[in-house]
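Asker: Contents of protein.pdb (PDB, C-alpha atoms, pLDDT in the B column) are below:
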MODEL        1
ATOM      1  CA  MET A  14     -29.283-103.739  36.117  1.00 49.00           C
ATOM      2  CA  LEU A  15     -25.637-104.730  35.828  1.00 55.00           C
ATOM      3  CA  ASP A  16     -22.982-102.460  37.277  1.00 52.00           C
ATOM      4  CA  PRO A  17     -19.954-102.346  34.909  1.00 48.00           C
ATOM      5  CA  ARG A  18     -17.783-101.503  37.936  1.00 47.00           C
ATOM      6  CA  SER A  19     -18.729-104.738  39.637  1.00 51.00           C
ATOM      7  CA  GLU A  20     -16.065-107.422  39.906  1.00 56.00           C
ATOM      8  CA  ILE A  21     -18.629-110.014  38.845  1.00 70.00           C
ATOM      9  CA  TYR A  22     -19.006-110.014  35.062  1.00 83.00           C
ATOM     10  CA  PRO A  23     -21.601-111.992  33.150  1.00 92.00           C
ATOM     11  CA  THR A  24     -20.618-114.873  30.905  1.00 94.00           C
ATOM     12  CA  ILE A  25     -21.475-113.744  27.383  1.00 96.00           C
ATOM     13  CA  GLU A  26     -21.702-116.165  24.488  1.00 97.00           C
ATOM     14  CA  TYR A  27     -22.433-115.487  20.831  1.00 97.00           C
ATOM     15  CA  ARG A  28     -24.611-117.524  18.515  1.00 97.00           C
ATOM     16  CA  PRO A  29     -26.721-117.108  15.374  1.00 97.00           C
ATOM     17  CA  ILE A  30     -30.093-115.467  15.902  1.00 98.00           C
ATOM     18  CA  GLN A  31     -32.906-118.026  15.704  1.00 97.00           C
ATOM     19  CA  PRO A  32     -36.724-118.050  15.447  1.00 97.00           C
ATOM     20  CA  SER A  33     -37.151-118.184  19.231  1.00 96.00           C
ATOM     21  CA  ASP A  34     -35.464-114.749  19.434  1.00 97.00           C
ATOM     22  CA  LEU A  35     -38.222-112.991  17.485  1.00 97.00           C
ATOM     23  CA  GLU A  36     -40.022-111.329  20.405  1.00 96.00           C
ATOM     24  CA  ALA A  37     -36.849-110.243  22.203  1.00 96.00           C
ATOM     25  CA  LEU A  38     -35.335-108.928  18.971  1.00 97.00           C
ATOM     26  CA  GLU A  39     -38.380-106.765  18.283  1.00 97.00           C
ATOM     27  CA  LYS A  40     -38.420-105.404  21.841  1.00 95.00           C
ATOM     28  CA  ILE A  41     -34.747-104.447  21.786  1.00 96.00           C
ATOM     29  CA  HIS A  42     -35.024-102.694  18.423  1.00 95.00           C
ATOM     30  CA  LEU A  43     -38.039-100.761  19.670  1.00 93.00           C
ATOM     31  CA  ALA A  44     -36.174 -99.714  22.823  1.00 93.00           C
ATOM     32  CA  LEU A  45     -32.902 -98.747  21.136  1.00 90.00           C
ATOM     33  CA  PHE A  46     -33.842 -97.139  17.831  1.00 84.00           C
ATOM     34  CA  PRO A  47     -36.076 -94.158  17.016  1.00 71.00           C
ATOM     35  CA  ILE A  48     -37.394 -95.992  13.967  1.00 75.00           C
ATOM     36  CA  ARG A  49     -40.035 -98.710  13.925  1.00 81.00           C
ATOM     37  CA  TYR A  50     -38.929-101.687  11.867  1.00 90.00           C
ATOM     38  CA  GLU A  51     -41.367-103.733   9.819  1.00 94.00           C
ATOM     39  CA  ARG A  52     -42.341-107.193  10.983  1.00 96.00           C
ATOM     40  CA  GLU A  53     -40.978-108.611   7.741  1.00 97.00           C
ATOM     41  CA  PHE A  54     -37.491-107.439   8.687  1.00 97.00           C
ATOM     42  CA  PHE A  55     -37.515-109.385  11.960  1.00 98.00           C
ATOM     43  CA  LEU A  56     -38.910-112.495  10.308  1.00 98.00           C
ATOM     44  CA  ASN A  57     -36.131-112.348   7.721  1.00 98.00           C
ATOM     45  CA  VAL A  58     -33.548-111.985  10.485  1.00 98.00           C
ATOM     46  CA  VAL A  59     -34.677-114.894  12.667  1.00 98.00           C
ATOM     47  CA  ASN A  60     -35.228-117.182   9.682  1.00 97.00           C
ATOM     48  CA  GLY A  61     -32.008-116.209   7.898  1.00 97.00           C
ATOM     49  CA  HIS A  62     -33.761-115.035   4.754  1.00 97.00           C
ATOM     50  CA  GLY A  63     -31.054-112.972   3.076  1.00 96.00           C
ATOM     51  CA  ILE A  64     -29.735-111.773   6.449  1.00 97.00           C
ATOM     52  CA  VAL A  65     -26.855-113.170   8.501  1.00 98.00           C
ATOM     53  CA  SER A  66     -26.979-112.270  12.179  1.00 98.00           C
ATOM     54  CA  TRP A  67     -25.463-112.952  15.589  1.00 98.00           C
ATOM     55  CA  GLY A  68     -26.918-112.623  19.056  1.00 98.00           C
ATOM     56  CA  ALA A  69     -25.254-112.211  22.436  1.00 98.00           C
ATOM     57  CA  VAL A  70     -26.671-114.122  25.424  1.00 97.00           C
ATOM     58  CA  ASP A  71     -25.813-114.079  29.125  1.00 96.00           C
ATOM     59  CA  THR A  72     -25.373-117.735  30.043  1.00 95.00           C
ATOM     60  CA  SER A  73     -24.527-116.853  33.658  1.00 93.00           C
ATOM     61  CA  ARG A  74     -28.162-115.997  34.391  1.00 89.00           C
ATOM     62  CA  SER A  75     -29.763-118.331  36.880  1.00 82.00           C
ATOM     63  CA  ASP A  76     -33.277-117.904  35.524  1.00 82.00           C
ATOM     64  CA  ASP A  77     -34.914-119.190  32.349  1.00 84.00           C
ATOM     65  CA  ARG A  78     -33.675-116.143  30.412  1.00 88.00           C
ATOM     66  CA  ARG A  79     -30.091-117.366  30.076  1.00 91.00           C
ATOM     67  CA  ASP A  80     -30.619-117.896  26.335  1.00 94.00           C
ATOM     68  CA  GLU A  81     -32.433-114.582  25.751  1.00 95.00           C
ATOM     69  CA  ILE A  82     -30.489-112.223  23.502  1.00 96.00           C
ATOM     70  CA  ILE A  83     -29.138-109.058  25.101  1.00 97.00           C
ATOM     71  CA  GLY A  84     -27.265-107.831  22.018  1.00 97.00           C
ATOM     72  CA  PHE A  85     -27.311-108.395  18.269  1.00 98.00           C
ATOM     73  CA  VAL A  86     -25.871-107.491  14.900  1.00 98.00           C
ATOM     74  CA  THR A  87     -27.655-108.056  11.596  1.00 98.00           C
ATOM     75  CA  THR A  88     -25.932-108.023   8.200  1.00 98.00           C
ATOM     76  CA  ARG A  89     -26.568-108.597   4.533  1.00 97.00           C
ATOM     77  CA  MET A  90     -24.255-109.701   1.735  1.00 97.00           C
ATOM     78  CA  ILE A  91     -24.178-107.227  -1.150  1.00 95.00           C
ATOM     79  CA  ALA A  92     -22.437-107.385  -4.523  1.00 94.00           C
ATOM     80  CA  ALA A  93     -19.702-104.730  -4.560  1.00 92.00           C
ATOM     81  CA  LYS A  94     -20.965-103.440  -7.921  1.00 90.00           C
ATOM     82  CA  ASP A  95     -24.352-102.694  -6.334  1.00 91.00           C
ATOM     83  CA  SER A  96     -22.957-100.785  -3.352  1.00 90.00           C
ATOM     84  CA  GLU A  97     -22.252 -97.088  -2.862  1.00 85.00           C
ATOM     85  CA  ILE A  98     -18.528 -97.843  -2.717  1.00 86.00           C
ATOM     86  CA  GLU A  99     -18.208 -99.870  -5.907  1.00 85.00           C
ATOM     87  CA  ASP A 100     -15.725 -97.308  -7.252  1.00 84.00           C
ATOM     88  CA  LEU A 101     -13.290 -98.092  -4.422  1.00 84.00           C
ATOM     89  CA  PHE A 102     -12.755-101.566  -5.846  1.00 75.00           C
ATOM     90  CA  ARG A 103     -12.267-100.726  -9.522  1.00 67.00           C
ATOM     91  CA  TYR A 104      -8.522-101.264  -9.161  1.00 58.00           C
ATOM     92  CA  ASN A 105      -9.380-104.978  -9.065  1.00 57.00           C
ATOM     93  CA  SER A 106     -11.344-104.929 -12.310  1.00 56.00           C
ATOM     94  CA  SER A 107     -10.365-108.522 -13.064  1.00 61.00           C
ATOM     95  CA  ARG A 108     -12.848-109.677 -10.417  1.00 70.00           C
ATOM     96  CA  LYS A 109     -16.504-109.165 -11.293  1.00 76.00           C
ATOM     97  CA  ASP A 110     -17.909-111.158  -8.377  1.00 88.00           C
ATOM     98  CA  LEU A 111     -16.599-109.119  -5.440  1.00 94.00           C
ATOM     99  CA  THR A 112     -18.935-108.878  -2.448  1.00 95.00           C
ATOM    100  CA  LEU A 113     -19.269-106.797   0.714  1.00 97.00           C
ATOM    101  CA  VAL A 114     -20.971-107.361   4.057  1.00 98.00           C
ATOM    102  CA  TYR A 115     -23.296-104.519   5.023  1.00 97.00           C
ATOM    103  CA  ILE A 116     -24.131-103.991   8.706  1.00 98.00           C
ATOM    104  CA  LEU A 117     -27.856-103.332   9.020  1.00 96.00           C
ATOM    105  CA  THR A 118     -28.372-102.986  12.781  1.00 95.00           C
ATOM    106  CA  LEU A 119     -26.177-103.296  15.854  1.00 97.00           C
ATOM    107  CA  GLY A 120     -27.329-102.918  19.430  1.00 95.00           C
ATOM    108  CA  VAL A 121     -26.870-103.930  23.077  1.00 97.00           C
ATOM    109  CA  VAL A 122     -29.446-103.454  25.837  1.00 96.00           C
ATOM    110  CA  ASP A 123     -28.607-100.638  28.258  1.00 94.00           C
ATOM    111  CA  SER A 124     -27.871-102.854  31.254  1.00 93.00           C
ATOM    112  CA  TYR A 125     -25.131-104.679  29.327  1.00 95.00           C
ATOM    113  CA  ARG A 126     -23.354-101.660  27.871  1.00 93.00           C
ATOM    114  CA  ASN A 127     -19.604-101.060  28.341  1.00 93.00           C
ATOM    115  CA  LEU A 128     -18.791-104.752  28.539  1.00 95.00           C
ATOM    116  CA  GLY A 129     -17.290-105.057  25.052  1.00 96.00           C
ATOM    117  CA  ILE A 130     -20.319-106.870  23.642  1.00 97.00           C
ATOM    118  CA  ALA A 131     -20.807-104.575  20.634  1.00 97.00           C
ATOM    119  CA  SER A 132     -17.099-104.869  19.806  1.00 98.00           C
ATOM    120  CA  SER A 133     -17.300-108.660  19.963  1.00 98.00           C
ATOM    121  CA  LEU A 134     -20.355-108.695  17.699  1.00 98.00           C
ATOM    122  CA  VAL A 135     -18.567-106.561  15.109  1.00 98.00           C
ATOM    123  CA  ARG A 136     -15.554-108.881  15.297  1.00 98.00           C
ATOM    124  CA  GLU A 137     -17.886-111.784  14.484  1.00 97.00           C
ATOM    125  CA  VAL A 138     -18.977-109.901  11.368  1.00 98.00           C
ATOM    126  CA  VAL A 139     -15.393-109.155  10.317  1.00 98.00           C
ATOM    127  CA  LYS A 140     -14.383-112.797  10.881  1.00 98.00           C
ATOM    128  CA  TYR A 141     -17.342-113.937   8.777  1.00 98.00           C
ATOM    129  CA  ALA A 142     -16.484-111.506   5.956  1.00 98.00           C
ATOM    130  CA  ALA A 143     -12.835-112.582   5.981  1.00 97.00           C
ATOM    131  CA  SER A 144     -13.895-116.234   5.613  1.00 97.00           C
ATOM    132  CA  ILE A 145     -15.488-115.454   2.223  1.00 97.00           C
ATOM    133  CA  SER A 146     -12.739-115.395  -0.406  1.00 94.00           C
ATOM    134  CA  ASN A 147     -14.377-112.871  -2.737  1.00 94.00           C
ATOM    135  CA  CYS A 148     -15.480-110.508   0.035  1.00 96.00           C
ATOM    136  CA  ARG A 149     -13.461-107.296   0.282  1.00 94.00           C
ATOM    137  CA  GLY A 150     -14.947-105.488   3.248  1.00 95.00           C
ATOM    138  CA  VAL A 151     -17.570-104.727   5.870  1.00 97.00           C
ATOM    139  CA  TYR A 152     -19.321-101.384   5.528  1.00 97.00           C
ATOM    140  CA  LEU A 153     -22.116 -99.298   7.028  1.00 96.00           C
ATOM    141  CA  HIS A 154     -23.602 -95.822   7.248  1.00 95.00           C
ATOM    142  CA  VAL A 155     -23.593 -93.564  10.287  1.00 93.00           C
ATOM    143  CA  ILE A 156     -25.757 -90.461  10.476  1.00 90.00           C
ATOM    144  CA  SER A 157     -23.566 -87.378  10.827  1.00 93.00           C
ATOM    145  CA  TYR A 158     -24.691 -86.382  14.336  1.00 92.00           C
ATOM    146  CA  ASN A 159     -24.172 -89.818  15.923  1.00 92.00           C
ATOM    147  CA  GLN A 160     -20.812 -89.117  17.548  1.00 95.00           C
ATOM    148  CA  PRO A 161     -20.799 -92.211  19.832  1.00 94.00           C
ATOM    149  CA  ALA A 162     -21.216 -94.492  16.804  1.00 95.00           C
ATOM    150  CA  ILE A 163     -18.550 -92.582  14.865  1.00 97.00           C
ATOM    151  CA  ARG A 164     -16.074 -92.951  17.725  1.00 97.00           C
ATOM    152  CA  PHE A 165     -16.975 -96.623  18.126  1.00 97.00           C
ATOM    153  CA  TYR A 166     -16.305 -97.576  14.501  1.00 97.00           C
ATOM    154  CA  LYS A 167     -13.064 -95.587  14.411  1.00 97.00           C
ATOM    155  CA  LYS A 168     -11.986 -97.449  17.535  1.00 97.00           C
ATOM    156  CA  MET A 169     -12.799-100.692  15.716  1.00 97.00           C
ATOM    157  CA  LEU A 170     -10.415 -99.548  12.929  1.00 97.00           C
ATOM    158  CA  PHE A 171     -13.090 -98.918  10.337  1.00 98.00           C
ATOM    159  CA  LYS A 172     -12.015 -96.355   7.737  1.00 96.00           C
ATOM    160  CA  LEU A 173     -14.126 -93.267   7.117  1.00 96.00           C
ATOM    161  CA  VAL A 174     -14.119 -93.223   3.313  1.00 94.00           C
ATOM    162  CA  ARG A 175     -16.636 -90.511   2.472  1.00 93.00           C
ATOM    163  CA  ARG A 176     -19.418 -88.215   3.529  1.00 94.00           C
ATOM    164  CA  LEU A 177     -22.732 -88.510   1.665  1.00 93.00           C
ATOM    165  CA  PRO A 178     -24.647 -85.193   1.639  1.00 94.00           C
ATOM    166  CA  LEU A 179     -28.393 -85.277   2.344  1.00 92.00           C
ATOM    167  CA  PHE A 180     -28.281 -89.068   2.628  1.00 89.00           C
ATOM    168  CA  TYR A 181     -30.971 -89.444   5.286  1.00 87.00           C
ATOM    169  CA  TYR A 182     -34.414 -87.876   5.302  1.00 83.00           C
ATOM    170  CA  ILE A 183     -35.955 -88.144   8.760  1.00 80.00           C
ATOM    171  CA  LYS A 184     -39.206 -86.447   9.739  1.00 80.00           C
ATOM    172  CA  GLY A 185     -38.840 -83.679   7.196  1.00 86.00           C
ATOM    173  CA  GLN A 186     -35.148 -83.043   7.879  1.00 89.00           C
ATOM    174  CA  HIS A 187     -32.126 -83.938   5.727  1.00 92.00           C
ATOM    175  CA  TYR A 188     -28.957 -85.332   7.336  1.00 92.00           C
ATOM    176  CA  ASP A 189     -25.572 -86.288   5.937  1.00 94.00           C
ATOM    177  CA  SER A 190     -24.142 -89.766   6.356  1.00 93.00           C
ATOM    178  CA  TYR A 191     -20.624 -91.023   6.990  1.00 96.00           C
ATOM    179  CA  LEU A 192     -19.663 -94.240   5.249  1.00 96.00           C
ATOM    180  CA  PHE A 193     -17.267 -96.541   7.112  1.00 97.00           C
ATOM    181  CA  VAL A 194     -15.423 -99.569   5.705  1.00 97.00           C
ATOM    182  CA  TYR A 195     -13.324-102.320   7.252  1.00 97.00           C
ATOM    183  CA  TYR A 196     -11.305-103.971   4.487  1.00 96.00           C
ATOM    184  CA  VAL A 197     -10.664-107.730   4.384  1.00 95.00           C
ATOM    185  CA  ASN A 198      -8.947-110.154   2.002  1.00 92.00           C
ATOM    186  CA  GLY A 199      -6.769-107.523   0.356  1.00 89.00           C
ATOM    187  CA  GLY A 200      -9.449-104.865  -0.026  1.00 84.00           C
ATOM    188  CA  ARG A 201      -8.130-101.303   0.215  1.00 76.00           C
ATOM    189  CA  SER A 202      -8.930 -97.678  -0.511  1.00 68.00           C
ATOM    190  CA  PRO A 203      -7.815 -96.218  -3.859  1.00 60.00           C
ATOM    191  CA  CYS A 204      -4.192 -95.053  -3.649  1.00 54.00           C
ATOM    192  CA  SER A 205      -3.066 -93.900  -7.082  1.00 48.00           C
ATOM    193  CA  PRO A 206      -3.870 -90.349  -8.342  1.00 50.00           C
ATOM    194  CA  LEU A 207      -6.157 -91.812 -11.007  1.00 52.00           C
ATOM    195  CA  GLU A 208      -8.036 -93.882  -8.443  1.00 49.00           C
ATOM    196  CA  ILE A 209      -8.467 -90.872  -6.158  1.00 51.00           C
ATOM    197  CA  VAL A 210      -9.706 -88.667  -9.017  1.00 58.00           C
ATOM    198  CA  THR A 211     -12.139 -91.380 -10.102  1.00 57.00           C
ATOM    199  CA  SER A 212     -13.489 -91.647  -6.576  1.00 53.00           C
ATOM    200  CA  PHE A 213     -13.911 -87.851  -6.378  1.00 57.00           C
ATOM    201  CA  VAL A 214     -15.770 -87.717  -9.704  1.00 63.00           C
ATOM    202  CA  VAL A 215     -18.126 -90.496  -8.601  1.00 57.00           C
ATOM    203  CA  ASP A 216     -18.854 -88.677  -5.318  1.00 58.00           C
ATOM    204  CA  PHE A 217     -19.462 -85.380  -7.121  1.00 65.00           C
ATOM    205  CA  ARG A 218     -21.837 -86.975  -9.634  1.00 68.00           C
ATOM    206  CA  ALA A 219     -23.751 -88.631  -6.787  1.00 62.00           C
ATOM    207  CA  PHE A 220     -24.050 -85.263  -5.042  1.00 64.00           C
ATOM    208  CA  VAL A 221     -25.367 -83.576  -8.207  1.00 71.00           C
ATOM    209  CA  LYS A 222     -27.912 -86.360  -8.683  1.00 68.00           C
ATOM    210  CA  MET A 223     -29.124 -85.843  -5.097  1.00 65.00           C
ATOM    211  CA  LEU A 224     -29.591 -82.120  -5.701  1.00 71.00           C
ATOM    212  CA  VAL A 225     -31.462 -82.721  -8.949  1.00 69.00           C
ATOM    213  CA  ALA A 226     -33.679 -85.350  -7.309  1.00 65.00           C
ATOM    214  CA  LYS A 227     -34.418 -82.970  -4.431  1.00 61.00           C
ATOM    215  CA  PHE A 228     -35.350 -80.183  -6.883  1.00 64.00           C
ATOM    216  CA  TRP A 229     -37.740 -82.371  -8.855  1.00 66.00           C
ATOM    217  CA  THR A 230     -39.250 -83.733  -5.652  1.00 55.00           C
ATOM    218  CA  LYS A 231     -40.157 -80.211  -4.580  1.00 53.00           C
ATOM    219  CA  GLU A 232     -41.512 -79.395  -8.022  1.00 52.00           C
ATOM    220  CA  ASP A 233     -43.757 -82.416  -8.179  1.00 51.00           C
ATOM    221  CA  HIS A 234     -44.850 -82.262  -4.510  1.00 47.00           C
ATOM    222  CA  CYS A 235     -44.366 -85.993  -4.182  1.00 44.00           C
ATOM    223  CA  ASN A 236     -42.550 -88.125  -1.655  1.00 43.00           C
ATOM    224  CA  PRO A 237     -39.211 -89.633  -2.798  1.00 38.00           C
ATOM    225  CA  ARG A 238     -38.861 -93.367  -2.694  1.00 36.00           C
ATOM    226  CA  TRP A 239     -37.648 -94.408   0.739  1.00 34.00           C
ATOM    227  CA  ALA A 240     -34.632 -96.562   1.222  1.00 37.00           C
ATOM    228  CA  ARG A 241     -32.396 -98.167   3.927  1.00 40.00           C
ATOM    229  CA  CYS A 242     -31.303 -97.155   7.474  1.00 41.00           C
ATOM    230  CA  GLN A 243     -29.317 -98.310  11.797  1.00 41.00           C
ATOM    231  CA  GLU A 244     -27.840 -96.235  15.491  1.00 39.00           C
ATOM    232  CA  SER A 245     -25.667 -95.324  12.586  1.00 38.00           C
ATOM    233  CA  ASN A 246     -28.584 -97.935  11.590  1.00 40.00           C
ATOM    234  CA  THR A 247     -30.297 -98.158   8.160  1.00 38.00           C
ATOM    235  CA  LEU A 248     -31.900-100.930   6.106  1.00 36.00           C
ATOM    236  CA  LEU A 249     -33.366-100.449   2.637  1.00 35.00           C
ATOM    237  CA  SER A 250     -32.465-101.362  -0.898  1.00 33.00           C
ATOM    238  CA  PRO A 251     -28.668-101.558  -1.338  1.00 36.00           C
ATOM    239  CA  GLN A 252     -28.859 -99.936  -4.767  1.00 38.00           C
ATOM    240  CA  THR A 253     -30.182 -96.575  -3.572  1.00 43.00           C
ATOM    241  CA  ASN A 254     -27.958 -93.582  -2.785  1.00 49.00           C
ATOM    242  CA  LYS A 255     -30.323 -91.867  -0.362  1.00 56.00           C
ATOM    243  CA  ARG A 256     -32.081 -93.020   2.773  1.00 57.00           C
ATOM    244  CA  ILE A 257     -35.511 -91.606   3.492  1.00 47.00           C
ATOM    245  CA  ILE A 258     -36.848 -92.354   6.959  1.00 46.00           C
ATOM    246  CA  SER A 259     -40.463 -91.386   7.455  1.00 37.00           C
ATOM    247  CA  GLY A 260     -42.812 -92.495  10.184  1.00 36.00           C
ATOM    248  CA  ASP A 261     -43.278 -96.199  10.773  1.00 36.00           C
ATOM    249  CA  ASN A 262     -42.302 -97.465   7.323  1.00 34.00           C
ATOM    250  CA  THR A 263     -38.545 -97.414   7.771  1.00 32.00           C
ATOM    251  CA  ARG A 264     -35.806 -99.736   8.891  1.00 34.00           C
ATOM    252  CA  CYS A 265     -32.671 -97.919   9.919  1.00 42.00           C
ATOM    253  CA  HIS A 266     -28.927 -97.886  11.142  1.00 54.00           C
ATOM    254  CA  VAL A 267     -28.705 -94.131  11.943  1.00 57.00           C
TER     255      VAL A 267
ENDMDL
END
Would you encode the structure as structure tokens?

Answerer:
Amino acid sequence: MLDPRSEIYPTIEYRPIQPSDLEALEKIHLALFPIRYEREFFLNVVNGHGIVSWGAVDTSRSDDRRDEIIGFVTTRMIAAKDSEIEDLFRYNSSRKDLTLVYILTLGVVDSYRNLGIASSLVREVVKYAASISNCRGVYLHVISYNQPAIRFYKKMLFKLVRRLPLFYYIKGQHYDSYLFVYYVNGGRSPCSPLEIVTSFVVDFRAFVKMLVAKFWTKEDHCNPRWARCQESNTLLSPQTNKRIISGDNTRCHV
């Protein structure tokens, strides 16, 4: 195990995740996250099927593991109109093709923590988003009790734009979610009174819908459709407003 206090630091390089990373990627996710991700998720990551990702490798290793990933970030491009923060971009109504980059999972193995690797991976994501002219931000969800992740994203200058009540459903328990955004290419939070009121109305309507859905779920004794999760770490359909994490059938950024 590496000692962060040591004067000898590893040489870390960053590259796209590739098919040869499949086994290591699965092992790290299993070790870091309390949720078991489906095999399909990992195959999509390593083959670049709808997911853009980066891996961190320690090229200073003297063994044959110098190209084995020790950290990663996985992302997906989402149309702004299909995201939970579509209302934040209505001020730019002349553009109908605005996109966002959503962070699905982010992690670093324990022995390489506190070396700035996670920060560098997030910077790769921000740089990628900024290179896309119609992209306006990078965003993600963080479960309300994950204080280390909350502090991390604030340190990385992400903006906490809203709290989503009852967003996660994990093992029979509801949890709120914080939604963080890093704006690029002129993206910004609503500033005018009308924009702020519009954002509040959208949040309130979403909250009412959640309460109604919860009521009908109890009445019908049926399981709600599960969605997306991550450490803040979640993955499911970008159109849903609630993340339900149950057993082994979830993929999450909590």

Asker: Which one is closest to Ser33 in chain A: A:Leu56, A:Met169, A:Ile64, A:Leu45? Count only C-alpha atoms.

Answerer: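 Nearest to Ser33 in chain A: A:Leu56.
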
Asker: Just so the selection is clear, what residues does the PyMOL selection byres ((chain A and resi 143-154) around 6) cover here, as a PyMOL selection string?

Answerer: chain A and resi 111-116+140-142+155+191-198+200+245

Asker: Could you write those residues out with C-alpha atoms, as a short mmCIF file (atom, residue, chain, number, x, y, z; two decimals), keeping the file's coordinate frame?

Answerer:
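Saved the output as out.cif:
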data_model
loop_
_atom_site.label_atom_id
_atom_site.label_comp_id
_atom_site.auth_asym_id
_atom_site.auth_seq_id
_atom_site.Cartn_x
_atom_site.Cartn_y
_atom_site.Cartn_z
CA LEU A 111 -16.60 -109.12 -5.44
CA THR A 112 -18.93 -108.88 -2.45
CA LEU A 113 -19.27 -106.80 0.71
CA VAL A 114 -20.97 -107.36 4.06
CA TYR A 115 -23.30 -104.52 5.02
CA ILE A 116 -24.13 -103.99 8.71
CA LYS A 140 -14.38 -112.80 10.88
CA TYR A 141 -17.34 -113.94 8.78
CA ALA A 142 -16.48 -111.51 5.96
CA VAL A 155 -23.59 -93.56 10.29
CA TYR A 191 -20.62 -91.02 6.99
CA LEU A 192 -19.66 -94.24 5.25
CA PHE A 193 -17.27 -96.54 7.11
CA VAL A 194 -15.42 -99.57 5.70
CA TYR A 195 -13.32 -102.32 7.25
CA TYR A 196 -11.30 -103.97 4.49
CA VAL A 197 -10.66 -107.73 4.38
CA ASN A 198 -8.95 -110.15 2.00
CA GLY A 200 -9.45 -104.86 -0.03
CA SER A 245 -25.67 -95.32 12.59
#

Asker: In terms of the shortest atom-to-atom distance over only C-alpha atoms, which of A:Leu38, A:Phe55, A:Gln186, A:Arg176 is closest to Ile98 in chain A?

Answerer: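 Closest to Ile98 in chain A of all the choices is A:Arg176.
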
Asker: Can you turn the PyMOL selection byres ((chain A and resi 23) around 6) into a concrete residue list for this file, as an MDAnalysis selection string?

Answerer: chainID A and resid 22 24 73

Asker: To one decimal in Å, tell me the separation between CA of Pro178 in chain A and CA of Ser132 in chain A.

Answerer: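 Between CA of Pro178 in chain A and CA of Ser132 in chain A the gap works out to 27.8 Å.
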
Asker: How many Å lie between CA of Arg78 in chain A and CA of Ser133 in chain A, rounded to one decimal?

Answerer: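 Between these atoms lies a distance of 20.8 Å.
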
Asker: When you draw a straight line from CA of Ser66 in chain A to CA of Asp34 in chain A, how long is it in Å?

Answerer: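 Taking CA of Ser66 in chain A and CA of Asp34 in chain A, their separation equals 11.4 Å.
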
Asker: Can you tell me, as a PyMOL selection string, what residues are no more than 6 Å from Val59 in chain A when counting only C-alpha atoms, ignoring any on the same chain fewer than 4 positions away?

Answerer: chain A and resi 30-32

Asker: List as a PyMOL selection string: which residues have an atom within 10 Å of (-15.6, -99.6, 15.8), counting only C-alpha atoms?

Answerer: chain A and resi 131-132+135-136+161-172+193+195

Asker: Calculated over all atoms listed in the file, which of the candidates A:Leu224, A:Ile91, A:Ala69, A:Ile156 has the smallest distance to Gly129 in chain A?

Answerer: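 Checking each candidate against Gly129 in chain A, we get A:Ala69 as the closest.
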
Asker: Find, counting all atoms listed in the file, the residue in A:Thr88, A:Gly199, A:Asp123, A:Ser190 that gets nearest to Gln160 in chain A.

Answerer: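 Of all the options, A:Ser190 lies closest to Gln160 in chain A.
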